[in-house]
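What follows is entry_15.pdb (PDB, C-alpha atoms).
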```pdb
ATOM      1  CA  MET Q 525      92.812 -32.684  -4.285  1.00  0.00           C
ATOM      2  CA  LYS Q 526      92.331 -30.873  -7.562  1.00  0.00           C
ATOM      3  CA  ARG Q 527      90.397 -33.840  -8.880  1.00  0.00           C
ATOM      4  CA  ILE Q 528      88.067 -33.815  -5.899  1.00  0.00           C
ATOM      5  CA  LEU Q 529      87.389 -30.106  -6.272  1.00  0.00           C
ATOM      6  CA  LEU Q 530      86.877 -30.498 -10.005  1.00  0.00           C
ATOM      7  CA  SER Q 531      84.471 -33.392  -9.429  1.00  0.00           C
ATOM      8  CA  ILE Q 532      82.454 -31.388  -6.906  1.00  0.00           C
ATOM      9  CA  ALA Q 533      82.280 -28.438  -9.315  1.00  0.00           C
ATOM     10  CA  VAL Q 534      81.039 -30.701 -12.155  1.00  0.00           C
ATOM     11  CA  ILE Q 535      78.381 -32.269  -9.891  1.00  0.00           C
ATOM     12  CA  CYS Q 536      77.132 -28.831  -8.711  1.00  0.00           C
ATOM     13  CA  ALA Q 537      76.953 -27.527 -12.284  1.00  0.00           C
ATOM     14  CA  THR Q 538      74.986 -30.622 -13.357  1.00  0.00           C
ATOM     15  CA  VAL Q 539      72.472 -30.230 -10.489  1.00  0.00           C
ATOM     16  CA  VAL Q 540      71.928 -26.547 -11.310  1.00  0.00           C
ATOM     17  CA  THR Q 541      71.435 -27.366 -15.000  1.00  0.00           C
ATOM     18  CA  VAL Q 542      68.987 -30.190 -14.253  1.00  0.00           C
ATOM     19  CA  ASN Q 543      66.922 -27.998 -11.861  1.00  0.00           C
ATOM     20  CA  ALA Q 544      66.804 -25.146 -14.371  1.00  0.00           C
ATOM     21  CA  GLN Q 545      65.122 -27.282 -17.011  1.00  0.00           C
ATOM     22  CA  VAL Q 546      61.269 -27.126 -16.942  1.00  0.00           C
ATOM     23  CA  ALA Q 547      59.037 -29.516 -18.786  1.00  0.00           C
ATOM     24  CA  THR Q 548      56.908 -28.029 -21.568  1.00  0.00           C
ATOM     25  CA  GLY Q 549      53.308 -27.128 -20.447  1.00  0.00           C
ATOM     26  CA  THR Q 550      54.136 -26.730 -16.763  1.00  0.00           C
ATOM     27  CA  ASN Q 551      52.777 -23.619 -14.984  1.00  0.00           C
ATOM     28  CA  ALA Q 552      53.856 -21.861 -11.836  1.00  0.00           C
ATOM     29  CA  THR Q 553      50.933 -20.550  -9.768  1.00  0.00           C
ATOM     30  CA  ARG Q 554      50.570 -18.490  -6.653  1.00  0.00           C
ATOM     31  CA  THR Q 555      47.419 -17.658  -4.665  1.00  0.00           C
ATOM     32  CA  GLN Q 556      46.805 -14.303  -3.058  1.00  0.00           C
ATOM     33  CA  ASN Q 557      43.912 -14.014  -0.645  1.00  0.00           C
ATOM     34  CA  MET Q 558      41.845 -10.810  -0.945  1.00  0.00           C
ATOM     35  CA  LYS Q 559      39.492  -9.563   1.737  1.00  0.00           C
ATOM     36  CA  ILE Q 560      36.588  -7.144   1.286  1.00  0.00           C
ATOM     37  CA  ILE Q 561      35.302  -5.633   4.500  1.00  0.00           C
ATOM     38  CA  ILE Q 562      31.728  -4.371   4.338  1.00  0.00           C
ATOM     39  CA  LYS Q 563      30.719  -2.039   7.117  1.00  0.00           C
ATOM     40  CA  GLU Q 564      27.204  -2.032   8.527  1.00  0.00           C
ATOM     41  CA  VAL Q 565      24.962   0.403   6.653  1.00  0.00           C
ATOM     42  CA  PHE Q 566      21.917   1.799   8.450  1.00  0.00           C
ATOM     43  CA  ASP Q 567      20.668   5.170   7.311  1.00  0.00           C
ATOM     44  CA  LEU Q 568      17.238   6.681   7.821  1.00  0.00           C
ATOM     45  CA  ALA Q 569      16.064  10.133   6.763  1.00  0.00           C
ATOM     46  CA  LEU Q 570      12.716  11.839   7.309  1.00  0.00           C
ATOM     47  CA  THR Q 571      11.461  14.509   4.898  1.00  0.00           C
ATOM     48  CA  PRO Q 572      10.190  16.967   5.950  1.00  0.00           C
ATOM     49  CA  GLY Q 573      11.654  16.681   9.407  1.00  0.00           C
ATOM     50  CA  THR Q 574       9.749  19.676  10.744  1.00  0.00           C
ATOM     51  CA  LEU Q 575       6.670  20.109  12.889  1.00  0.00           C
ATOM     52  CA  GLN Q 576       3.479  18.736  11.367  1.00  0.00           C
ATOM     53  CA  THR Q 577       0.302  20.564  12.397  1.00  0.00           C
ATOM     54  CA  PHE Q 578      -3.220  19.151  12.488  1.00  0.00           C
ATOM     55  CA  SER Q 579      -5.654  22.030  12.544  1.00  0.00           C
ATOM     56  CA  PHE Q 580      -9.266  21.757  13.618  1.00  0.00           C
ATOM     57  CA  ASP Q 581      -9.827  25.495  13.072  1.00  0.00           C
ATOM     58  CA  ALA Q 582     -12.083  25.336  10.014  1.00  0.00           C
ATOM     59  CA  LEU Q 583     -15.553  23.868  10.565  1.00  0.00           C
ATOM     60  CA  SER Q 584     -15.236  21.839   7.364  1.00  0.00           C
ATOM     61  CA  ASN Q 585     -12.242  20.019   8.900  1.00  0.00           C
ATOM     62  CA  TYR Q 586     -13.630  19.795  12.400  1.00  0.00           C
ATOM     63  CA  ASP Q 587     -14.215  16.119  12.987  1.00  0.00           C
ATOM     64  CA  ALA Q 588     -12.649  15.592  16.391  1.00  0.00           C
ATOM     65  CA  ALA Q 589     -14.537  12.322  16.882  1.00  0.00           C
ATOM     66  CA  GLY Q 590     -13.739  10.812  13.481  1.00  0.00           C
ATOM     67  CA  GLY Q 591     -10.312  12.380  13.217  1.00  0.00           C
ATOM     68  CA  ILE Q 592      -8.440  14.246  10.550  1.00  0.00           C
ATOM     69  CA  GLU Q 593      -5.793  12.723   8.329  1.00  0.00           C
ATOM     70  CA  LEU Q 594      -2.559  13.937   6.786  1.00  0.00           C
ATOM     71  CA  ALA Q 595      -1.905  11.524   3.916  1.00  0.00           C
ATOM     72  CA  ALA Q 596       1.686  11.041   2.726  1.00  0.00           C
ATOM     73  CA  ALA Q 597       2.774  13.774   5.154  1.00  0.00           C
ATOM     74  CA  ASN Q 598       6.371  12.534   5.457  1.00  0.00           C
ATOM     75  CA  THR Q 599       8.740  10.445   3.373  1.00  0.00           C
ATOM     76  CA  MET Q 600      11.180   8.022   4.999  1.00  0.00           C
ATOM     77  CA  SER Q 601      14.290   7.225   2.956  1.00  0.00           C
ATOM     78  CA  TYR Q 602      16.460   4.294   3.978  1.00  0.00           C
ATOM     79  CA  LYS Q 603      19.728   2.526   3.124  1.00  0.00           C
ATOM     80  CA  SER Q 604      20.554  -0.804   4.708  1.00  0.00           C
ATOM     81  CA  ASN Q 605      22.593  -3.928   4.081  1.00  0.00           C
ATOM     82  CA  HIS Q 606      20.492  -5.854   6.633  1.00  0.00           C
ATOM     83  CA  LEU Q 607      16.886  -6.885   6.897  1.00  0.00           C
ATOM     84  CA  TRP Q 608      15.415  -3.907   8.772  1.00  0.00           C
ATOM     85  CA  LYS Q 609      12.412  -2.500  10.546  1.00  0.00           C
ATOM     86  CA  VAL Q 610      11.373   1.015  11.527  1.00  0.00           C
ATOM     87  CA  THR Q 611       9.591   1.501  14.840  1.00  0.00           C
ATOM     88  CA  ALA Q 612       7.889   4.539  16.347  1.00  0.00           C
ATOM     89  CA  ILE Q 613       7.276   5.716  19.899  1.00  0.00           C
ATOM     90  CA  ALA Q 614       6.460   9.062  21.518  1.00  0.00           C
ATOM     91  CA  ASN Q 615       9.290  10.964  23.180  1.00  0.00           C
ATOM     92  CA  ALA Q 616       7.095  11.720  26.222  1.00  0.00           C
ATOM     93  CA  PRO Q 617       4.323  10.050  28.233  1.00  0.00           C
ATOM     94  CA  GLU Q 618       1.735  12.556  26.922  1.00  0.00           C
ATOM     95  CA  PHE Q 619       1.349  15.614  24.700  1.00  0.00           C
ATOM     96  CA  VAL Q 620       2.773  18.928  25.959  1.00  0.00           C
ATOM     97  CA  TYR Q 621       0.062  21.567  26.318  1.00  0.00           C
ATOM     98  CA  ALA Q 622       0.319  25.250  25.398  1.00  0.00           C
ATOM     99  CA  ALA Q 623      -2.581  27.585  26.172  1.00  0.00           C
ATOM    100  CA  THR Q 624      -4.108  29.784  23.475  1.00  0.00           C
ATOM    101  CA  ALA Q 625      -6.381  32.843  23.729  1.00  0.00           C
ATOM    102  CA  ASN Q 626      -9.538  30.761  24.374  1.00  0.00           C
ATOM    103  CA  SER Q 627      -7.928  28.201  26.708  1.00  0.00           C
ATOM    104  CA  LYS Q 628      -9.104  27.568  30.241  1.00  0.00           C
ATOM    105  CA  VAL Q 629      -6.094  26.004  31.928  1.00  0.00           C
ATOM    106  CA  ALA Q 630      -8.185  24.968  34.937  1.00  0.00           C
ATOM    107  CA  ASP Q 631      -9.997  22.499  32.645  1.00  0.00           C
ATOM    108  CA  LEU Q 632      -6.789  21.007  31.296  1.00  0.00           C
ATOM    109  CA  SER Q 633      -6.716  17.232  30.825  1.00  0.00           C
ATOM    110  CA  PRO Q 634      -3.458  15.612  29.682  1.00  0.00           C
ATOM    111  CA  MET Q 635      -3.735  14.393  26.068  1.00  0.00           C
ATOM    112  CA  ALA Q 636      -2.744  10.757  25.592  1.00  0.00           C
ATOM    113  CA  THR Q 637      -0.226   9.916  22.879  1.00  0.00           C
ATOM    114  CA  SER Q 638      -2.736   7.414  21.458  1.00  0.00           C
ATOM    115  CA  VAL Q 639      -4.713  10.370  20.037  1.00  0.00           C
ATOM    116  CA  LEU Q 640      -2.101  10.374  17.260  1.00  0.00           C
ATOM    117  CA  GLN Q 641      -2.145   7.395  14.915  1.00  0.00           C
ATOM    118  CA  LEU Q 642       0.310   6.604  12.151  1.00  0.00           C
ATOM    119  CA  ARG Q 643       0.922   4.114   9.395  1.00  0.00           C
ATOM    120  CA  LYS Q 644       3.024   3.403   6.369  1.00  0.00           C
ATOM    121  CA  THR Q 645       0.855   4.590   3.463  1.00  0.00           C
ATOM    122  CA  GLY Q 646      -1.468   1.754   2.540  1.00  0.00           C
ATOM    123  CA  GLY Q 647      -1.088   0.046   5.918  1.00  0.00           C
ATOM    124  CA  THR Q 648      -3.258   0.027   9.033  1.00  0.00           C
ATOM    125  CA  TYR Q 649      -3.266   2.907  11.502  1.00  0.00           C
ATOM    126  CA  GLN Q 650      -1.701   2.225  14.903  1.00  0.00           C
ATOM    127  CA  ALA Q 651      -1.913   4.437  17.975  1.00  0.00           C
ATOM    128  CA  LEU Q 652       1.349   6.123  18.954  1.00  0.00           C
ATOM    129  CA  PRO Q 653       2.569   4.527  22.204  1.00  0.00           C
ATOM    130  CA  ALA Q 654       3.743   6.698  25.106  1.00  0.00           C
ATOM    131  CA  SER Q 655       7.464   6.823  25.860  1.00  0.00           C
ATOM    132  CA  THR Q 656       6.816   4.396  28.724  1.00  0.00           C
ATOM    133  CA  GLY Q 657       5.314   1.775  26.354  1.00  0.00           C
ATOM    134  CA  SER Q 658       6.601  -0.479  23.612  1.00  0.00           C
ATOM    135  CA  ALA Q 659       7.361   0.914  20.173  1.00  0.00           C
ATOM    136  CA  ILE Q 660       5.179  -0.072  17.215  1.00  0.00           C
ATOM    137  CA  THR Q 661       6.580  -1.378  13.925  1.00  0.00           C
ATOM    138  CA  VAL Q 662       5.767   1.035  11.123  1.00  0.00           C
ATOM    139  CA  ALA Q 663       7.615  -0.642   8.229  1.00  0.00           C
ATOM    140  CA  SER Q 664      10.114  -3.391   7.472  1.00  0.00           C
ATOM    141  CA  GLY Q 665      12.115  -4.502   4.475  1.00  0.00           C
ATOM    142  CA  THR Q 666      15.107  -6.170   2.897  1.00  0.00           C
ATOM    143  CA  ARG Q 667      18.599  -4.964   2.025  1.00  0.00           C
ATOM    144  CA  GLY Q 668      18.839  -2.021  -0.319  1.00  0.00           C
ATOM    145  CA  THR Q 669      17.705   1.543  -0.635  1.00  0.00           C
ATOM    146  CA  GLY Q 670      14.294   3.074  -1.046  1.00  0.00           C
ATOM    147  CA  ASN Q 671      11.617   5.170   0.553  1.00  0.00           C
ATOM    148  CA  PHE Q 672       8.057   5.025   1.795  1.00  0.00           C
ATOM    149  CA  THR Q 673       5.532   7.587   2.956  1.00  0.00           C
ATOM    150  CA  LEU Q 674       3.801   7.992   6.306  1.00  0.00           C
ATOM    151  CA  ASP Q 675       0.197   8.933   6.993  1.00  0.00           C
ATOM    152  CA  TYR Q 676      -0.959  10.486  10.260  1.00  0.00           C
ATOM    153  CA  LYS Q 677      -4.367  10.703  11.853  1.00  0.00           C
ATOM    154  CA  ALA Q 678      -5.378  12.686  14.952  1.00  0.00           C
ATOM    155  CA  VAL Q 679      -8.527  11.599  16.800  1.00  0.00           C
ATOM    156  CA  PRO Q 680      -8.806  13.844  19.891  1.00  0.00           C
ATOM    157  CA  GLY Q 681     -12.549  13.455  20.409  1.00  0.00           C
ATOM    158  CA  TYR Q 682     -14.252  16.190  22.466  1.00  0.00           C
ATOM    159  CA  THR Q 683     -12.388  15.553  25.724  1.00  0.00           C
ATOM    160  CA  TYR Q 684      -9.506  18.005  25.520  1.00  0.00           C
ATOM    161  CA  GLN Q 685      -9.303  21.715  26.304  1.00  0.00           C
ATOM    162  CA  THR Q 686      -8.784  24.336  23.608  1.00  0.00           C
ATOM    163  CA  GLY Q 687      -5.053  24.847  23.037  1.00  0.00           C
ATOM    164  CA  GLU Q 688      -2.040  23.473  21.247  1.00  0.00           C
ATOM    165  CA  TYR Q 689      -0.714  20.005  22.015  1.00  0.00           C
ATOM    166  CA  THR Q 690       2.737  18.888  20.854  1.00  0.00           C
ATOM    167  CA  ILE Q 691       4.575  15.560  20.969  1.00  0.00           C
ATOM    168  CA  GLY Q 692       7.744  14.211  19.333  1.00  0.00           C
ATOM    169  CA  VAL Q 693       7.689  10.943  17.425  1.00  0.00           C
ATOM    170  CA  VAL Q 694      10.926   8.959  17.614  1.00  0.00           C
ATOM    171  CA  TYR Q 695      11.595   6.669  14.644  1.00  0.00           C
ATOM    172  CA  THR Q 696      14.219   3.952  15.062  1.00  0.00           C
ATOM    173  CA  MET Q 697      15.630   1.682  12.372  1.00  0.00           C
ATOM    174  CA  THR Q 698      17.012  -1.659  13.574  1.00  0.00           C
ATOM    175  CA  ASN Q 699      18.143  -4.874  11.943  1.00  0.00           C
ATOM    176  CA  GLN Q 700      16.036  -8.017  12.162  1.00  0.00           C
TER     177      GLN Q 700
END
```
Show this structure as structure tokens.
Amino acid sequence: MKRILLSIAVICATVVTVNAQVATGTNATRTQNMKIIIKEVFDLALTPGTLQTFSFDALSNYDAAGGIELAAANTMSYKSNHLWKVTAIANAPEFVYAATANSKVADLSPMATSVLQLRKTGGTYQALPASTGSAITVASGTRGTGNFTLDYKAVPGYTYQTGEYTIGVVYTMTNQ
């Protein structure tokens, strides 16, 4: 019995010794998978974000038929990791009217949103669609960061009553 136990012990020791020997130049490798999760980035800022006023008060600027322009009136800054586009649409079906000292409310005609035109600087003017219409594309681009400027033009003609007319322009950035 002692011989059997001794034989088993010798065999086990030999197996452990043989397994512990590694040939020269052999490498042990392991692979670890790494994952990077990139969240969607869509950021749009408008500077200045305040009320822009077109004034036809001075006779030198009074060209209601031809319009008056505000060049590079706003700057849009963007960040995106998608192809993107910026669209614009009015926040109402027509301008909101406020009477002034010389206004005759009885003569009031609603001002269409199309009186206001806009474009990315260097582009082509497009009429602002009413909130009930389809938005217009103002700019588009690729992944990254940057900015562009917006030009505005008001062409009210001679149809509308004296007063102040206000409308909100809603800019939306979406991926393409």
- Nearest to Met697 of chain Q, chosen from Q:Ser601, Q:Thr645, Q:Thr656, Q:Thr637, with only C-alpha atoms counted in the distances: Q:Ser601
- Message: Considering only C-alpha atoms, can you say which of Q:Gln641, Q:Thr648, Q:Thr686, Q:Thr555 comes closest to Gly591 of chain Q?
- Response: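 Of Q:Gln641, Q:Thr648, Q:Thr686, Q:Thr555, the one nearest Gly591 of chain Q is Q:Gln641, counting only C-alpha atoms.
Residue nearest Asn671 of chain Q, chosen from Q:Met600, Q:Ala552, Q:Ala654, Q:Ala589 and counting all atoms listed in the file: Q:Met600.
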- Task: Rounded to one decimal place, report the atom CA of Thr624 of chain Q-atom CA of Glu688 of chain Q distance in Å.
- Result: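 A separation of 7.0 Å between them.
Closest approach to Val693 of chain Q among Q:Leu640, Q:Val620, Q:Ala614, Q:Val679: Q:Ala614, based on only C-alpha atoms.
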- Carefully work through the PyMOL selection byres ((chain Q and resi 676) around 6) for this structure and note down the residues it includes, as a PyMOL selection string. chain Q and resi 593-594+641-642+675+677
- atom CA of Gly670 of chain Q and atom CA of Ala616 of chain Q, how far apart in Å?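 Going from atom CA of Ala616 of chain Q over to atom CA of Gly670 of chain Q covers 29.5 Å.
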- Note on the structure: What separates atom CA of Ser638 of chain Q and atom CA of Val694 of chain Q is a distance of 14.3 Å
- Query: Smallest atom-to-atom distance to Ala595 of chain Q: which of Q:Ser664, Q:Thr673, Q:Thr698, Q:Thr577, using only C-alpha atoms?
  - Reply: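 That would be Q:Thr673, the residue with the smallest distance to Ala595 of chain Q.
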- Which is closer to Gly692 of chain Q than all the others in Q:Leu652, Q:Ala569, Q:Ala625, Q:Ile561, using only C-alpha atoms?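 The closest residue to Gly692 of chain Q is Q:Leu652.
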- Message: Can you tell me which residues surround Pro634 of chain Q at a distance of at most 12 Å, considering only C-alpha atoms, apart from same-chain residues fewer than 2 positions away, and format the answer as a ChimeraX atom specification?
- Response: /Q:616-622,629-632,636-639,680,683-691
Store the residues picked out above in a file with C-alpha atoms, as a PDB file, in the frame of the given file.
```
ATOM      1  CA  ALA Q 616       7.095  11.720  26.222  1.00  0.00           C
ATOM      2  CA  PRO Q 617       4.323  10.050  28.233  1.00  0.00           C
ATOM      3  CA  GLU Q 618       1.735  12.556  26.922  1.00  0.00           C
ATOM      4  CA  PHE Q 619       1.349  15.614  24.700  1.00  0.00           C
ATOM      5  CA  VAL Q 620       2.773  18.928  25.959  1.00  0.00           C
ATOM      6  CA  TYR Q 621       0.062  21.567  26.318  1.00  0.00           C
ATOM      7  CA  ALA Q 622       0.319  25.250  25.398  1.00  0.00           C
ATOM      8  CA  VAL Q 629      -6.094  26.004  31.928  1.00  0.00           C
ATOM      9  CA  ALA Q 630      -8.185  24.968  34.937  1.00  0.00           C
ATOM     10  CA  ASP Q 631      -9.997  22.499  32.645  1.00  0.00           C
ATOM     11  CA  LEU Q 632      -6.789  21.007  31.296  1.00  0.00           C
ATOM     12  CA  ALA Q 636      -2.744  10.757  25.592  1.00  0.00           C
ATOM     13  CA  THR Q 637      -0.226   9.916  22.879  1.00  0.00           C
ATOM     14  CA  SER Q 638      -2.736   7.414  21.458  1.00  0.00           C
ATOM     15  CA  VAL Q 639      -4.713  10.370  20.037  1.00  0.00           C
ATOM     16  CA  PRO Q 680      -8.806  13.844  19.891  1.00  0.00           C
ATOM     17  CA  THR Q 683     -12.388  15.553  25.724  1.00  0.00           C
ATOM     18  CA  TYR Q 684      -9.506  18.005  25.520  1.00  0.00           C
ATOM     19  CA  GLN Q 685      -9.303  21.715  26.304  1.00  0.00           C
ATOM     20  CA  THR Q 686      -8.784  24.336  23.608  1.00  0.00           C
ATOM     21  CA  GLY Q 687      -5.053  24.847  23.037  1.00  0.00           C
ATOM     22  CA  GLU Q 688      -2.040  23.473  21.247  1.00  0.00           C
ATOM     23  CA  TYR Q 689      -0.714  20.005  22.015  1.00  0.00           C
ATOM     24  CA  THR Q 690       2.737  18.888  20.854  1.00  0.00           C
ATOM     25  CA  ILE Q 691       4.575  15.560  20.969  1.00  0.00           C
TER      26      ILE Q 691
END
```
- Message: Evaluated on this file, the PyMOL selection byres ((chain Q and resi 598) around 8) picks out some residues - which ones are they, written as an NGL selection string?
- Response: :Q and (570-573 or 596-597 or 599-600 or 673-675)
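Applied to the file shown here, the PyMOL selection byres ((chain Q and resi 668) around 7) selects Lys603, Ser604, Asn605, Thr666, Arg667, Thr669 and Gly670 of chain Q.
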For segment 559-575 of chain Q, what centre and edge lengths in Å (one decimal) does the axis-aligned box get once 3 Å is added on each side of all its listed atoms, as AutoDock Vina command-line options?
```
--center_x 23.1 --center_y 5.3 --center_z 7.1 --size_x 38.8 --size_y 35.7 --size_z 17.6
```
Could segment 553-569 of chain Q be completed with N, CA, C and O atoms and returned as a PDB file, keeping the file's coordinate frame?
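Generated output (selection.pdb):
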```pdb
ATOM      1  N   THR Q 553      52.062 -21.339 -10.265  1.00  0.00           N
ATOM      2  CA  THR Q 553      50.933 -20.550  -9.768  1.00  0.00           C
ATOM      3  C   THR Q 553      51.177 -20.116  -8.339  1.00  0.00           C
ATOM      4  O   THR Q 553      51.898 -20.756  -7.586  1.00  0.00           O
ATOM      5  N   ARG Q 554      50.549 -19.020  -8.011  1.00  0.00           N
ATOM      6  CA  ARG Q 554      50.570 -18.490  -6.653  1.00  0.00           C
ATOM      7  C   ARG Q 554      49.155 -18.037  -6.334  1.00  0.00           C
ATOM      8  O   ARG Q 554      48.434 -17.571  -7.207  1.00  0.00           O
ATOM      9  N   THR Q 555      48.741 -18.112  -5.098  1.00  0.00           N
ATOM     10  CA  THR Q 555      47.419 -17.658  -4.665  1.00  0.00           C
ATOM     11  C   THR Q 555      47.587 -16.488  -3.717  1.00  0.00           C
ATOM     12  O   THR Q 555      48.403 -16.542  -2.799  1.00  0.00           O
ATOM     13  N   GLN Q 556      46.811 -15.446  -3.964  1.00  0.00           N
ATOM     14  CA  GLN Q 556      46.805 -14.303  -3.058  1.00  0.00           C
ATOM     15  C   GLN Q 556      45.377 -14.148  -2.540  1.00  0.00           C
ATOM     16  O   GLN Q 556      44.438 -14.027  -3.312  1.00  0.00           O
ATOM     17  N   ASN Q 557      45.230 -14.191  -1.242  1.00  0.00           N
ATOM     18  CA  ASN Q 557      43.912 -14.014  -0.645  1.00  0.00           C
ATOM     19  C   ASN Q 557      43.571 -12.537  -0.575  1.00  0.00           C
ATOM     20  O   ASN Q 557      44.381 -11.719  -0.186  1.00  0.00           O
ATOM     21  N   MET Q 558      42.333 -12.185  -0.979  1.00  0.00           N
ATOM     22  CA  MET Q 558      41.845 -10.810  -0.945  1.00  0.00           C
ATOM     23  C   MET Q 558      40.678 -10.763   0.027  1.00  0.00           C
ATOM     24  O   MET Q 558      39.868 -11.683   0.070  1.00  0.00           O
ATOM     25  N   LYS Q 559      40.568  -9.707   0.766  1.00  0.00           N
ATOM     26  CA  LYS Q 559      39.492  -9.563   1.737  1.00  0.00           C
ATOM     27  C   LYS Q 559      38.753  -8.261   1.469  1.00  0.00           C
ATOM     28  O   LYS Q 559      39.367  -7.218   1.295  1.00  0.00           O
ATOM     29  N   ILE Q 560      37.428  -8.333   1.411  1.00  0.00           N
ATOM     30  CA  ILE Q 560      36.588  -7.144   1.286  1.00  0.00           C
ATOM     31  C   ILE Q 560      35.839  -7.011   2.598  1.00  0.00           C
ATOM     32  O   ILE Q 560      35.144  -7.933   3.021  1.00  0.00           O
ATOM     33  N   ILE Q 561      35.980  -5.876   3.229  1.00  0.00           N
ATOM     34  CA  ILE Q 561      35.302  -5.633   4.500  1.00  0.00           C
ATOM     35  C   ILE Q 561      34.134  -4.696   4.234  1.00  0.00           C
ATOM     36  O   ILE Q 561      34.320  -3.585   3.749  1.00  0.00           O
ATOM     37  N   ILE Q 562      32.934  -5.175   4.535  1.00  0.00           N
ATOM     38  CA  ILE Q 562      31.728  -4.371   4.338  1.00  0.00           C
ATOM     39  C   ILE Q 562      31.252  -3.904   5.701  1.00  0.00           C
ATOM     40  O   ILE Q 562      30.971  -4.709   6.585  1.00  0.00           O
ATOM     41  N   LYS Q 563      31.191  -2.624   5.859  1.00  0.00           N
ATOM     42  CA  LYS Q 563      30.719  -2.039   7.117  1.00  0.00           C
ATOM     43  C   LYS Q 563      29.200  -2.085   7.158  1.00  0.00           C
ATOM     44  O   LYS Q 563      28.532  -2.115   6.124  1.00  0.00           O
ATOM     45  N   GLU Q 564      28.650  -2.037   8.363  1.00  0.00           N
ATOM     46  CA  GLU Q 564      27.204  -2.032   8.527  1.00  0.00           C
ATOM     47  C   GLU Q 564      26.649  -0.706   8.016  1.00  0.00           C
ATOM     48  O   GLU Q 564      27.163   0.360   8.326  1.00  0.00           O
ATOM     49  N   VAL Q 565      25.604  -0.793   7.197  1.00  0.00           N
ATOM     50  CA  VAL Q 565      24.962   0.403   6.653  1.00  0.00           C
ATOM     51  C   VAL Q 565      23.543   0.464   7.203  1.00  0.00           C
ATOM     52  O   VAL Q 565      22.754  -0.448   6.999  1.00  0.00           O
ATOM     53  N   PHE Q 566      23.256   1.518   7.931  1.00  0.00           N
ATOM     54  CA  PHE Q 566      21.917   1.799   8.450  1.00  0.00           C
ATOM     55  C   PHE Q 566      21.722   3.297   8.368  1.00  0.00           C
ATOM     56  O   PHE Q 566      22.343   4.048   9.102  1.00  0.00           O
ATOM     57  N   ASP Q 567      20.896   3.742   7.456  1.00  0.00           N
ATOM     58  CA  ASP Q 567      20.668   5.170   7.311  1.00  0.00           C
ATOM     59  C   ASP Q 567      19.182   5.400   7.138  1.00  0.00           C
ATOM     60  O   ASP Q 567      18.528   4.718   6.350  1.00  0.00           O
ATOM     61  N   LEU Q 568      18.654   6.361   7.862  1.00  0.00           N
ATOM     62  CA  LEU Q 568      17.238   6.681   7.821  1.00  0.00           C
ATOM     63  C   LEU Q 568      17.091   8.193   7.802  1.00  0.00           C
ATOM     64  O   LEU Q 568      17.685   8.891   8.615  1.00  0.00           O
ATOM     65  N   ALA Q 569      16.306   8.693   6.861  1.00  0.00           N
ATOM     66  CA  ALA Q 569      16.064  10.133   6.763  1.00  0.00           C
ATOM     67  C   ALA Q 569      14.568  10.381   6.687  1.00  0.00           C
ATOM     68  O   ALA Q 569      13.828   9.594   6.096  1.00  0.00           O
TER      69      ALA Q 569
END
```
